[in-house]
$ cat upload_15.csv   # CSV, C-alpha atoms and all ligand atoms
chain,number,residue,atom,x,y,z
O,266,MET,CA,-29.4,-10.1,-23.0
O,267,ASN,CA,-29.9,-6.4,-22.7
O,268,THR,CA,-29.0,-5.3,-19.2
O,269,PRO,CA,-29.2,-1.6,-18.8
O,270,GLN,CA,-25.7,-0.2,-19.0
O,271,GLN,CA,-24.1,-0.4,-15.6
O,272,LYS,CA,-21.7,2.2,-14.2
O,273,ILE,CA,-18.9,0.4,-12.4
O,274,PRO,CA,-16.5,2.7,-10.6
O,275,PHE,CA,-12.9,1.7,-9.9
O,276,VAL,CA,-13.6,1.8,-6.2
O,277,ASP,CA,-16.9,2.7,-4.6
O,278,LEU,CA,-16.2,4.7,-1.4
O,279,ALA,CA,-19.7,6.1,-1.4
O,280,ALA,CA,-21.3,2.6,-1.3
O,281,GLN,CA,-19.0,1.8,1.6
O,282,TYR,CA,-20.0,4.9,3.5
O,283,ARG,CA,-23.7,4.2,3.1
O,284,GLY,CA,-23.1,0.9,5.0
O,285,ILE,CA,-21.3,2.6,8.0
O,286,ALA,CA,-22.7,6.2,8.0
O,287,ASP,CA,-24.4,5.9,11.4
O,288,GLU,CA,-21.3,4.4,13.0
O,289,VAL,CA,-19.0,7.0,11.6
O,290,ARG,CA,-21.2,9.9,12.6
O,291,ALA,CA,-21.5,8.5,16.1
O,292,ALA,CA,-17.7,8.2,16.3
O,293,ILE,CA,-16.8,11.7,15.1
O,294,GLU,CA,-19.5,13.6,17.0
O,295,PRO,CA,-17.8,13.3,20.4
O,296,VAL,CA,-14.4,14.4,18.9
O,297,MET,CA,-16.0,17.6,17.8
O,298,ALA,CA,-18.0,18.1,20.9
O,299,ASN,CA,-14.9,17.7,23.0
O,300,ALA,CA,-12.9,19.8,20.6
O,301,ARG,CA,-9.8,17.6,20.9
O,302,PHE,CA,-8.5,17.5,17.4
O,303,ILE,CA,-4.8,16.6,17.9
O,304,LEU,CA,-3.7,13.2,19.1
O,305,GLY,CA,-5.5,12.2,22.4
O,306,GLU,CA,-7.5,9.1,23.2
O,307,GLU,CA,-8.8,8.3,19.7
O,308,VAL,CA,-5.3,8.2,18.2
O,309,ARG,CA,-4.0,6.2,21.2
O,310,LEU,CA,-6.8,3.7,21.0
O,311,PHE,CA,-6.5,3.4,17.2
O,312,GLU,CA,-2.8,2.8,17.5
O,313,GLN,CA,-3.4,0.1,20.0
O,314,GLU,CA,-6.1,-1.6,17.9
O,315,PHE,CA,-4.2,-1.3,14.7
O,316,ALA,CA,-1.0,-2.8,16.3
O,317,ALA,CA,-3.0,-5.7,17.6
O,318,TYR,CA,-4.6,-6.2,14.1
O,319,CYS,CA,-1.1,-6.4,12.5
O,320,GLY,CA,0.3,-8.5,15.3
O,321,ALA,CA,2.9,-5.8,16.1
O,322,LYS,CA,3.8,-4.5,19.5
O,323,HIS,CA,3.5,-0.8,18.6
O,324,ALA,CA,1.8,1.5,16.0
O,325,VAL,CA,2.5,5.2,15.6
O,326,GLY,CA,-0.1,7.3,13.6
O,327,VAL,CA,1.3,9.8,11.2
O,328,ALA,CA,0.0,12.1,8.5
O,329,SER,CA,0.4,9.8,5.5
O,330,GLY,CA,2.0,6.6,4.2
O,331,THR,CA,4.7,8.6,2.6
O,332,ASP,CA,5.6,10.1,6.0
O,333,ALA,CA,5.4,6.7,7.6
O,334,LEU,CA,8.2,5.6,5.3
O,335,TYR,CA,10.2,8.8,5.6
O,336,LEU,CA,10.0,9.2,9.4
O,337,THR,CA,11.0,5.5,9.8
O,338,LEU,CA,14.1,6.0,7.6
O,339,CYS,CA,14.9,9.1,9.6
O,340,ALA,CA,14.5,7.3,12.9
O,341,LEU,CA,16.8,4.5,11.6
O,342,GLY,CA,19.5,7.1,11.0
O,343,ILE,CA,19.4,6.9,7.2
O,344,GLY,CA,20.6,10.1,5.5
O,345,PRO,CA,23.0,11.7,2.9
O,346,GLY,CA,25.6,9.3,1.5
O,347,ASP,CA,23.4,6.2,2.2
O,348,GLU,CA,21.7,3.9,-0.3
O,349,VAL,CA,18.4,2.2,0.2
O,350,ILE,CA,17.2,-0.7,-2.1
O,351,THR,CA,13.7,-1.0,-3.3
O,352,GLN,CA,11.9,-2.1,-6.5
O,353,ALA,CA,11.4,-0.3,-9.8
O,354,ASN,CA,7.7,-1.2,-10.0
O,355,THR,CA,6.2,0.7,-7.1
O,356,PHE,CA,4.3,3.9,-6.4
O,357,ILE,CA,6.6,7.0,-6.5
O,358,ALA,CA,6.2,7.6,-2.7
O,359,THR,CA,8.5,4.6,-2.0
O,360,PRO,CA,11.6,6.1,-3.6
O,361,LEU,CA,10.5,9.7,-2.6
O,362,SER,CA,10.7,8.8,1.1
O,363,ILE,CA,14.3,7.6,0.5
O,364,SER,CA,15.2,10.8,-1.4
O,365,TYR,CA,13.7,13.1,1.3
O,366,THR,CA,16.4,11.7,3.7
O,367,GLY,CA,19.2,12.6,1.3
O,368,ALA,CA,19.9,8.9,0.7
O,369,ARG,CA,19.9,7.4,-2.8
O,370,PRO,CA,17.2,5.0,-4.0
O,371,VAL,CA,18.7,1.9,-5.7
O,372,PHE,CA,16.3,-0.3,-7.6
O,373,VAL,CA,15.9,-4.0,-8.5
O,374,ASP,CA,13.5,-5.7,-10.9
O,375,CYS,CA,10.4,-7.7,-10.0
O,376,ASP,CA,9.1,-11.2,-10.5
O,377,PRO,CA,7.2,-11.4,-13.8
O,378,LEU,CA,4.2,-13.3,-12.4
O,379,THR,CA,3.7,-11.9,-8.9
O,380,TYR,CA,5.3,-8.4,-9.4
O,381,GLN,CA,7.0,-8.8,-6.0
O,382,MET,CA,10.6,-7.7,-5.5
O,383,ASP,CA,13.0,-10.1,-7.3
O,384,VAL,CA,15.0,-11.1,-4.3
O,385,LYS,CA,17.7,-12.8,-6.5
O,386,GLN,CA,18.8,-9.3,-7.6
O,387,ILE,CA,19.3,-7.7,-4.2
O,388,GLU,CA,22.8,-8.8,-3.2
O,389,ALA,CA,24.3,-7.7,-6.6
O,390,VAL,CA,23.4,-4.1,-5.8
O,391,ILE,CA,24.5,-4.0,-2.2
O,392,THR,CA,27.5,-1.6,-1.7
O,393,PRO,CA,29.3,-0.4,1.5
O,394,GLN,CA,26.8,2.6,1.4
O,395,THR,CA,23.7,0.4,1.5
O,396,LYS,CA,21.7,0.8,4.7
O,397,ALA,CA,18.3,-0.7,4.2
O,398,ILE,CA,15.9,-2.6,2.0
O,399,ILE,CA,12.2,-1.5,1.4
O,400,PRO,CA,10.2,-4.4,0.0
O,401,VAL,CA,6.8,-3.3,-1.2
O,402,HIS,CA,3.9,-5.7,-0.5
O,403,LEU,CA,2.6,-4.7,-3.9
O,404,TYR,CA,-1.1,-4.9,-4.9
O,405,GLY,CA,-1.9,-6.6,-1.6
O,406,GLN,CA,0.5,-9.6,-1.6
O,407,PRO,CA,3.4,-10.0,0.7
O,408,ALA,CA,7.0,-9.8,-0.5
O,409,ASP,CA,9.2,-12.9,0.0
O,410,MET,CA,10.2,-11.8,3.5
O,411,ASP,CA,12.3,-14.8,4.6
O,412,ALA,CA,14.7,-14.3,1.7
O,413,ILE,CA,14.8,-10.5,2.2
O,414,LEU,CA,15.4,-10.8,6.0
O,415,ALA,CA,18.2,-13.4,5.4
O,416,ILE,CA,20.0,-11.0,3.0
O,417,ALA,CA,19.5,-8.1,5.4
O,418,LYS,CA,20.9,-10.2,8.3
O,419,ARG,CA,24.0,-11.3,6.3
O,420,ASN,CA,24.7,-7.7,5.2
O,421,ASN,CA,23.6,-5.9,8.4
O,422,LEU,CA,20.8,-3.9,6.7
O,423,ARG,CA,17.6,-2.6,8.0
O,424,VAL,CA,14.3,-3.7,6.5
O,425,VAL,CA,11.2,-1.4,6.3
O,426,GLU,CA,8.1,-3.0,4.8
O,427,ASP,CA,6.1,-0.8,2.5
O,428,ALA,CA,2.8,-2.2,3.5
O,429,CYS,CA,0.7,0.7,2.2
O,430,GLN,CA,-1.3,-1.7,-0.1
O,431,ALA,CA,-1.4,-4.7,2.1
O,432,HIS,CA,-3.3,-4.2,5.4
O,433,GLY,CA,-4.0,-7.7,6.8
O,434,ALA,CA,-2.0,-9.6,4.1
O,435,GLU,CA,-0.4,-12.7,5.6
O,436,TYR,CA,3.1,-14.0,5.1
O,437,ARG,CA,3.4,-17.6,6.2
O,438,GLY,CA,0.3,-17.3,8.4
O,439,ARG,CA,1.3,-14.0,10.1
O,440,ARG,CA,0.1,-10.5,9.0
O,441,VAL,CA,2.5,-8.1,7.6
O,442,GLY,CA,3.7,-5.3,9.8
O,443,ALA,CA,6.4,-6.7,12.1
O,444,PHE,CA,8.7,-8.7,9.9
O,445,GLY,CA,11.3,-6.1,9.4
O,446,ASP,CA,12.4,-3.3,11.7
O,447,ALA,CA,9.2,-1.5,10.9
O,448,ALA,CA,6.3,-1.3,8.4
O,449,ALA,CA,4.6,1.7,6.8
O,450,PHE,CA,0.9,1.8,6.2
O,451,SER,CA,-1.2,4.3,4.3
O,452,PHE,CA,-4.8,5.3,5.1
O,453,TYR,CA,-5.3,7.2,1.9
O,454,PRO,CA,-9.1,6.9,1.2
O,455,GLY,CA,-8.7,4.3,-1.6
O,456,LYS,CA,-6.5,2.0,0.4
O,457,ASN,CA,-7.9,-1.2,1.9
O,458,LEU,CA,-8.2,0.6,5.2
O,459,GLY,CA,-8.8,4.2,4.2
O,460,ALA,CA,-9.5,7.4,6.2
O,461,TYR,CA,-11.6,10.3,5.0
O,462,GLY,CA,-8.5,12.2,4.1
O,463,ASP,CA,-4.7,11.4,4.4
O,464,GLY,CA,-3.3,9.3,7.2
O,465,GLY,CA,-0.7,6.7,7.8
O,466,ALA,CA,1.0,4.6,10.5
O,467,ILE,CA,4.2,2.8,11.3
O,468,THR,CA,4.1,-0.6,13.1
O,469,THR,CA,7.1,-2.1,14.8
O,470,ASP,CA,8.1,-4.5,17.6
O,471,ASN,CA,11.0,-2.2,18.5
O,472,GLU,CA,9.9,-0.1,21.5
O,473,ALA,CA,12.9,2.3,21.2
O,474,LEU,CA,12.0,2.9,17.6
O,475,ALA,CA,8.3,3.6,18.5
O,476,VAL,CA,9.4,6.1,21.1
O,477,LYS,CA,11.6,7.9,18.7
O,478,LEU,CA,8.9,8.0,16.0
O,479,ARG,CA,6.4,9.4,18.5
O,480,ALA,CA,8.8,12.3,19.1
O,481,LEU,CA,9.7,12.7,15.5
O,482,ARG,CA,6.1,13.2,14.5
O,483,GLU,CA,5.7,16.0,17.0
O,484,TYR,CA,8.5,18.4,16.5
O,485,GLY,CA,11.1,16.1,18.0
O,486,GLN,CA,9.7,16.6,21.5
O,487,ALA,CA,9.5,13.9,24.2
O,488,ALA,CA,7.9,16.4,26.6
O,489,LYS,CA,6.0,19.5,25.5
O,490,TYR,CA,8.4,22.3,24.4
O,491,HIS,CA,11.5,20.1,25.1
O,492,HIS,CA,13.0,19.3,21.7
O,493,ASP,CA,15.7,16.7,21.6
O,494,PHE,CA,16.1,16.8,17.8
O,495,LYS,CA,14.7,18.4,14.7
O,496,GLY,CA,11.4,16.6,14.2
O,497,PHE,CA,8.3,17.1,12.0
O,498,ASN,CA,4.7,17.9,12.3
O,499,SER,CA,3.2,14.7,11.0
O,500,ARG,CA,0.4,13.4,13.1
O,501,LEU,CA,-2.6,11.2,12.3
O,502,ASP,CA,-5.6,13.5,12.8
O,503,THR,CA,-7.8,12.7,15.7
O,504,LEU,CA,-10.9,12.8,13.5
O,505,GLN,CA,-9.3,10.3,11.1
O,506,ALA,CA,-8.4,8.1,14.0
O,507,ALA,CA,-12.0,8.0,15.2
O,508,ILE,CA,-13.1,7.1,11.6
O,509,LEU,CA,-10.4,4.5,11.3
O,510,ARG,CA,-11.4,2.8,14.5
O,511,VAL,CA,-14.9,2.3,13.1
O,512,LYS,CA,-13.5,1.1,9.8
O,513,LEU,CA,-10.9,-1.3,11.3
O,514,LYS,CA,-13.8,-3.3,12.8
O,515,HIS,CA,-15.0,-4.0,9.3
O,516,LEU,CA,-11.7,-4.6,7.6
O,517,SER,CA,-11.6,-8.4,7.9
O,518,ASP,CA,-15.1,-8.6,6.3
O,519,TRP,CA,-14.1,-6.2,3.6
O,520,THR,CA,-11.0,-8.3,2.9
O,521,ALA,CA,-13.1,-11.4,2.7
O,522,ALA,CA,-15.4,-9.7,0.2
O,523,ARG,CA,-12.5,-8.6,-1.9
O,524,GLN,CA,-11.3,-12.3,-1.9
O,525,ILE,CA,-14.7,-13.5,-3.0
O,526,ALA,CA,-14.7,-10.9,-5.9
O,527,ALA,CA,-11.2,-12.0,-6.9
O,528,ALA,CA,-12.2,-15.6,-7.0
O,529,ALA,CA,-15.2,-14.7,-9.2
O,530,TYR,CA,-12.9,-12.7,-11.5
O,531,ALA,CA,-10.5,-15.7,-11.7
O,532,VAL,CA,-13.2,-18.1,-12.9
O,533,ALA,CA,-14.7,-15.7,-15.4
O,534,LEU,CA,-11.3,-14.6,-16.8
O,535,ARG,CA,-10.0,-18.1,-17.3
O,536,ALA,CA,-13.2,-18.9,-19.3
O,537,ILE,CA,-12.3,-16.2,-21.8
O,538,GLY,CA,-8.6,-17.1,-21.9
O,539,ILE,CA,-7.1,-14.4,-19.7
O,540,GLU,CA,-4.7,-15.5,-17.0
O,541,PRO,CA,-5.8,-14.2,-13.5
O,542,PRO,CA,-3.2,-12.7,-11.3
O,543,GLN,CA,-0.6,-15.1,-10.0
O,544,GLN,CA,-0.8,-15.6,-6.2
O,545,VAL,CA,2.4,-16.1,-4.2
O,546,GLY,CA,2.7,-19.5,-2.7
O,547,TYR,CA,3.7,-18.3,0.8
O,548,GLY,CA,1.0,-15.9,1.7
O,549,THR,CA,-2.5,-14.4,1.3
O,550,HIS,CA,-3.6,-11.7,-1.1
O,551,VAL,CA,-5.8,-8.8,0.2
O,552,TRP,CA,-6.5,-7.6,-3.3
O,553,HIS,CA,-5.9,-3.9,-3.0
O,554,LEU,CA,-5.6,-4.0,-6.8
O,555,TYR,CA,-6.7,-6.6,-9.3
O,556,ILE,CA,-4.1,-6.6,-12.1
O,557,ILE,CA,-4.3,-8.5,-15.4
O,558,GLN,CA,-2.2,-8.1,-18.5
O,559,VAL,CA,-3.6,-7.3,-21.9
O,560,ALA,CA,-2.3,-6.4,-25.3
O,561,LYS,CA,-3.6,-3.1,-26.9
O,562,ARG,CA,-4.3,-1.8,-23.5
O,563,ALA,CA,-5.4,1.7,-24.5
O,564,LYS,CA,-8.0,0.3,-26.8
O,565,VAL,CA,-9.3,-2.1,-24.1
O,566,GLN,CA,-9.5,0.7,-21.6
O,567,GLU,CA,-11.4,2.9,-24.0
O,568,GLN,CA,-13.9,0.2,-24.8
O,569,LEU,CA,-14.4,-0.7,-21.2
O,570,SER,CA,-14.9,3.0,-20.4
O,571,ALA,CA,-17.5,3.3,-23.2
O,572,ALA,CA,-19.4,0.4,-21.3
O,573,GLY,CA,-19.2,2.4,-18.1
O,574,ILE,CA,-16.4,0.5,-16.5
O,575,SER,CA,-13.5,2.4,-14.9
O,576,THR,CA,-10.0,0.9,-14.9
O,577,GLY,CA,-6.6,2.0,-13.8
O,578,ILE,CA,-2.9,1.4,-14.5
O,579,HIS,CA,-0.6,0.8,-11.5
O,580,TYR,CA,1.8,2.1,-12.7
O,581,PRO,CA,2.3,3.2,-16.3
O,582,ILE,CA,6.0,4.3,-15.8
O,583,PRO,CA,8.4,2.4,-13.5
O,584,VAL,CA,10.0,4.8,-11.1
O,585,HIS,CA,13.5,4.5,-12.6
O,586,LEU,CA,12.1,5.9,-15.9
O,587,GLN,CA,10.2,8.8,-14.2
O,588,LYS,CA,11.5,12.3,-15.1
O,589,ALA,CA,11.9,13.0,-11.4
O,590,TYR,CA,14.5,10.3,-11.2
O,591,ALA,CA,16.5,11.1,-14.4
O,592,ASP,CA,19.3,12.2,-12.0
O,593,LEU,CA,19.9,8.6,-11.0
O,594,GLY,CA,21.0,7.8,-14.5
O,595,TYR,CA,19.0,4.6,-15.1
O,596,GLN,CA,18.2,3.8,-18.8
O,597,ARG,CA,15.3,2.0,-20.4
O,598,GLY,CA,16.3,-1.7,-20.4
O,599,ALA,CA,17.6,-1.5,-16.8
O,600,PHE,CA,14.6,-3.5,-15.4
O,601,PRO,CA,13.1,-5.3,-18.3
O,602,VAL,CA,10.5,-7.2,-16.3
O,603,ALA,CA,9.0,-4.1,-14.7
O,604,GLU,CA,9.2,-2.2,-18.0
O,605,ALA,CA,7.4,-4.9,-20.0
O,606,ALA,CA,4.7,-5.3,-17.3
O,607,ALA,CA,4.2,-1.5,-17.2
O,608,ASP,CA,3.1,-1.6,-20.9
O,609,ARG,CA,0.5,-4.4,-20.4
O,610,ILE,CA,-0.9,-4.2,-16.8
O,611,LEU,CA,-4.5,-3.2,-16.3
O,612,SER,CA,-6.3,-2.8,-13.0
O,613,LEU,CA,-9.9,-3.9,-13.0
O,614,PRO,CA,-12.5,-2.5,-10.6
O,615,MET,CA,-11.9,-4.0,-7.1
O,616,PHE,CA,-13.6,-3.1,-3.9
O,617,PRO,CA,-15.5,-5.0,-1.2
O,618,GLU,CA,-19.0,-4.0,-2.5
O,619,LEU,CA,-18.3,-5.3,-6.0
O,620,THR,CA,-21.0,-7.8,-6.8
O,621,GLN,CA,-20.8,-11.1,-8.8
O,622,GLU,CA,-23.0,-9.5,-11.4
O,623,GLN,CA,-20.6,-6.6,-11.8
O,624,VAL,CA,-17.7,-8.9,-12.1
O,625,ARG,CA,-19.6,-10.8,-14.9
O,626,TYR,CA,-20.4,-7.5,-16.6
O,627,VAL,CA,-16.7,-6.4,-16.5
O,628,VAL,CA,-15.5,-9.8,-17.9
O,629,GLU,CA,-18.2,-9.9,-20.6
O,630,ASN,CA,-17.1,-6.5,-21.9
O,631,LEU,CA,-13.4,-7.5,-21.7
O,632,LYS,CA,-14.3,-10.5,-23.9
O,633,ARG,CA,-15.6,-8.2,-26.5
O,634,CYS,CA,-12.2,-6.4,-26.6
O,635,LEU,CA,-10.2,-9.6,-27.4
M,1,LIG,C1,-0.2,4.8,-1.2
M,1,LIG,C2,1.2,4.3,-1.2
M,1,LIG,C3,2.2,5.0,-0.5
M,1,LIG,C4,2.0,6.4,0.0
M,1,LIG,O1,0.9,6.5,0.9
M,1,LIG,P1,0.2,8.0,1.0
M,1,LIG,O2,-0.6,7.8,2.2
M,1,LIG,O3,-0.5,8.3,-0.2
M,1,LIG,O4,1.3,9.0,1.3
M,1,LIG,C5,3.5,4.5,-0.5
M,1,LIG,N1,3.7,3.3,-1.1
M,1,LIG,C6,2.8,2.6,-1.7
M,1,LIG,C7,3.2,1.3,-2.4
M,1,LIG,C8,1.5,3.1,-1.8
M,1,LIG,O5,0.6,2.4,-2.5

$ encode --input "upload_15.csv" --output "structure tokens"
Amino acid sequence: MNTPQQKIPFVDLAAQYRGIADEVRAAIEPVMANARFILGEEVRLFEQEFAAYCGAKHAVGVASGTDALYLTLCALGIGPGDEVITQANTFIATPLSISYTGARPVFVDCDPLTYQMDVKQIEAVITPQTKAIIPVHLYGQPADMDAILAIAKRNNLRVVEDACQAHGAEYRGRRVGAFGDAAAFSFYPGKNLGAYGDGGAITTDNEALAVKLRALREYGQAAKYHHDFKGFNSRLDTLQAAILRVKLKHLSDWTAARQIAAAAYAVALRAIGIEPPQQVGYGTHVWHLYIIQVAKRAKVQEQLSAAGISTGIHYPIPVHLQKAYADLGYQRGAFPVAEAAADRILSLPMFPELTQEQVRYVVENLKRCL
């Protein structure tokens, strides 16, 4: 069979835009006509709609997912001398948000099959300085929240969900976003709900925390030019909020399309002897990333690339081995599961517009690499 060589991007934001271009243009035009570019109605309405989507009482729009984590830690009073526990296999932004406060990131390993935080390791690293846990709902699946919340309660710790990859993922039938004290979301363009630039939000059921975060994102002011504490300039752009309101209406359909593509991958991969990603038993996967493991990964990536297929690695170096975190003193071997996975994981193309034919083409080419 000689199909002309396809080009399969890793994500296809241009294809997505083609489907909603008219709606997006109609949404941004009034923002520009009214020349109201900071906060205002669009941000307020997006916050209301996103909170409702997540099943949380409040959402606060900020400039990025990194800031969503950082401002939340600040609002919870975390700072120098404190420790915050997260996992070694996450995007660097998770520990960076801890470092910005002056607190120290402390890592645990992950589960070898689901890549979620290994909850069995948390209590062993709790010290009198520990103030919070940041579980990451990695790749689009929820962390084991009941176990984490029980540990937090026993040890009087705060819990901040890093939900930057997991918009709409369910834990025991409820969407992530209000399990801990707060949850951080990213609207980076490639995320499941992506803006056309940077953006982020915090969701929480805690009204006092939401009020504090609204002040923190705007120079620490509760009323204009009245600054109660040293805040930041970290607001979700009004234009981005207008775009996100359009995109949020499509998110459930896009998630369903990702789940259909993931199911097609699973069948095709099993047929060639590759184990599809393991799903957690207690929740749903929104497939931000579709991760398999392969030996000789560099060669596989090169061959797929020659066939026009883009792949990724999320992430090639666990955070405890990053140069930026050499000061923490972790050595290779500290988190063997995360380290072993980092050498073998491969992210296949995954986006809502991915067709069954494209999935077949990817897996056919993968078979040739075995
Ligand atoms: C994307 C991401 C972030 C940071 O979000 P930005 O909007 O890029 O700042 C944090 N944590 C995880 C797990 C992410 O994937």

$ residues_near_ligand --input "upload_15.csv" --ligand "ligand LIG 1 (chain M)" --cutoff "7 Å" --atoms "all atoms listed in the file" --output "list in words"
Ser329, Gly330, Thr331, Asp332, Thr355, Phe356, Ala358, Thr359, Val401, Leu403, Asp427, Ala428, Cys429, Gln430, Ser451, Phe452, Tyr453, Asp463, Gly464 and Gly465 of chain O

$ residues_around --input "upload_15.csv" --residues "Thr366 of chain O" --least-positions-apart "6" --cutoff "10 Å" --atoms "all atoms listed in the file" --output "PyMOL selection string"
chain O and resi 335-336+338-339+342-347

$ residues_around --input "upload_15.csv" --residues "segment 577-593 of chain O" --least-positions-apart "3" --cutoff "6 Å" --atoms "only C-alpha atoms" --output "ChimeraX atom specification"
/O:353-354,607,611-612

$ closest_residue --input "upload_15.csv" --among "O:Val511, O:Val373, O:Ala473, O:Val384" --to "Gly284 of chain O" --atoms "all atoms listed in the file"
O:Val511

$ residues_around --input "upload_15.csv" --residues "segment 272-282 of chain O" --least-positions-apart "5" --cutoff "12 Å" --atoms "all atoms listed in the file" --output "PyMOL selection string"
chain O and resi 287-290+453-461+508+511-512+515-516+519+523+553-555+569-578+611-620+622-627+630

$ residues_around --input "upload_15.csv" --residues "segment 485-502 of chain O" --least-positions-apart "5" --cutoff "7 Å" --atoms "all atoms listed in the file" --output "list of chain:residue names"
O:Phe302, O:Ile303, O:Leu304, O:Gly326, O:Val327, O:Ala328, O:Gly464, O:Gly465, O:Ala480

$ write_last_selection --input "upload_15.csv" --atoms "C-alpha atoms" --output "compact mmCIF listing (two decimals), in the coordinates of the input"
# COMPACT_ATOMS: atom_id res chain seq x y z
CA PHE O 302 -8.50 17.50 17.40
CA ILE O 303 -4.80 16.60 17.90
CA LEU O 304 -3.70 13.20 19.10
CA GLY O 326 -0.10 7.30 13.60
CA VAL O 327 1.30 9.80 11.20
CA ALA O 328 0.00 12.10 8.50
CA GLY O 464 -3.30 9.30 7.20
CA GLY O 465 -0.70 6.70 7.80
CA ALA O 480 8.80 12.30 19.10

$ atom_distance --input "upload_15.csv" --atom1 "atom CA of Arg479 of chain O" --atom2 "atom CA of Ala447 of chain O"
13.6 Å

$ atom_distance --input "upload_15.csv" --atom1 "atom CA of Val425 of chain O" --atom2 "atom CA of Leu474 of chain O"
12.1 Å

$ atom_distance --input "upload_15.csv" --atom1 "atom CA of Glu472 of chain O" --atom2 "atom CA of Lys322 of chain O"
7.8 Å

$ residues_around --input "upload_15.csv" --residues "Leu635 of chain O" --least-positions-apart "5" --cutoff "12 Å" --atoms "only C-alpha atoms" --output "ChimeraX atom specification"
/O:534,537-539,559-562,564-566,568-569,628-630

$ closest_residue --input "upload_15.csv" --among "O:Arg633, O:Ser364, O:Val371, O:Ala536" --to "Tyr595 of chain O" --atoms "only C-alpha atoms"
O:Val371

$ closest_residue --input "upload_15.csv" --among "O:Val551, O:Ala368, O:Ile525, O:Ala606" --to "Pro407 of chain O" --atoms "all atoms listed in the file"
O:Val551

$ build_atoms --input "upload_15.csv" --residues "segment 535-551 of chain O" --atoms "N, CA and C atoms" --output "compact mmCIF listing (two decimals), in the frame of the given file"
# COMPACT_ATOMS: atom_id res chain seq x y z
N ARG O 535 -10.56 -16.91 -16.70
CA ARG O 535 -10.00 -18.10 -17.30
C ARG O 535 -10.93 -18.61 -18.43
N ALA O 536 -12.23 -18.43 -18.23
CA ALA O 536 -13.20 -18.90 -19.30
C ALA O 536 -13.04 -18.11 -20.55
N ILE O 537 -12.46 -16.91 -20.51
CA ILE O 537 -12.30 -16.20 -21.80
C ILE O 537 -10.77 -16.14 -22.15
N GLY O 538 -9.98 -16.99 -21.50
CA GLY O 538 -8.60 -17.10 -21.90
C GLY O 538 -7.63 -16.07 -21.38
N ILE O 539 -8.06 -15.35 -20.33
CA ILE O 539 -7.10 -14.40 -19.70
C ILE O 539 -6.66 -14.97 -18.37
N GLU O 540 -5.34 -14.93 -18.18
CA GLU O 540 -4.70 -15.50 -17.00
C GLU O 540 -5.02 -14.55 -15.79
N PRO O 541 -5.66 -15.07 -14.74
CA PRO O 541 -5.80 -14.20 -13.50
C PRO O 541 -4.50 -13.95 -12.85
N PRO O 542 -4.45 -12.97 -11.96
CA PRO O 542 -3.20 -12.70 -11.30
C PRO O 542 -2.63 -13.89 -10.56
N GLN O 543 -1.31 -14.03 -10.64
CA GLN O 543 -0.60 -15.10 -10.00
C GLN O 543 -0.50 -14.83 -8.48
N GLN O 544 -0.89 -15.78 -7.64
CA GLN O 544 -0.80 -15.60 -6.20
C GLN O 544 0.54 -16.20 -5.69
N VAL O 545 1.19 -15.53 -4.75
CA VAL O 545 2.40 -16.10 -4.20
C VAL O 545 2.07 -17.33 -3.40
N GLY O 546 2.99 -18.28 -3.35
CA GLY O 546 2.70 -19.50 -2.70
C GLY O 546 2.77 -19.43 -1.15
N TYR O 547 3.40 -18.38 -0.65
CA TYR O 547 3.70 -18.30 0.80
C TYR O 547 2.84 -17.35 1.56
N GLY O 548 1.77 -16.85 0.95
CA GLY O 548 1.00 -15.90 1.70
C GLY O 548 -0.40 -15.67 1.12
N THR O 549 -1.14 -14.74 1.73
CA THR O 549 -2.50 -14.40 1.30
C THR O 549 -2.51 -13.06 0.58
N HIS O 550 -3.48 -12.90 -0.29
CA HIS O 550 -3.60 -11.70 -1.10
C HIS O 550 -4.84 -10.93 -0.52
N VAL O 551 -4.70 -9.62 -0.28
CA VAL O 551 -5.80 -8.80 0.20
C VAL O 551 -6.41 -7.97 -0.93
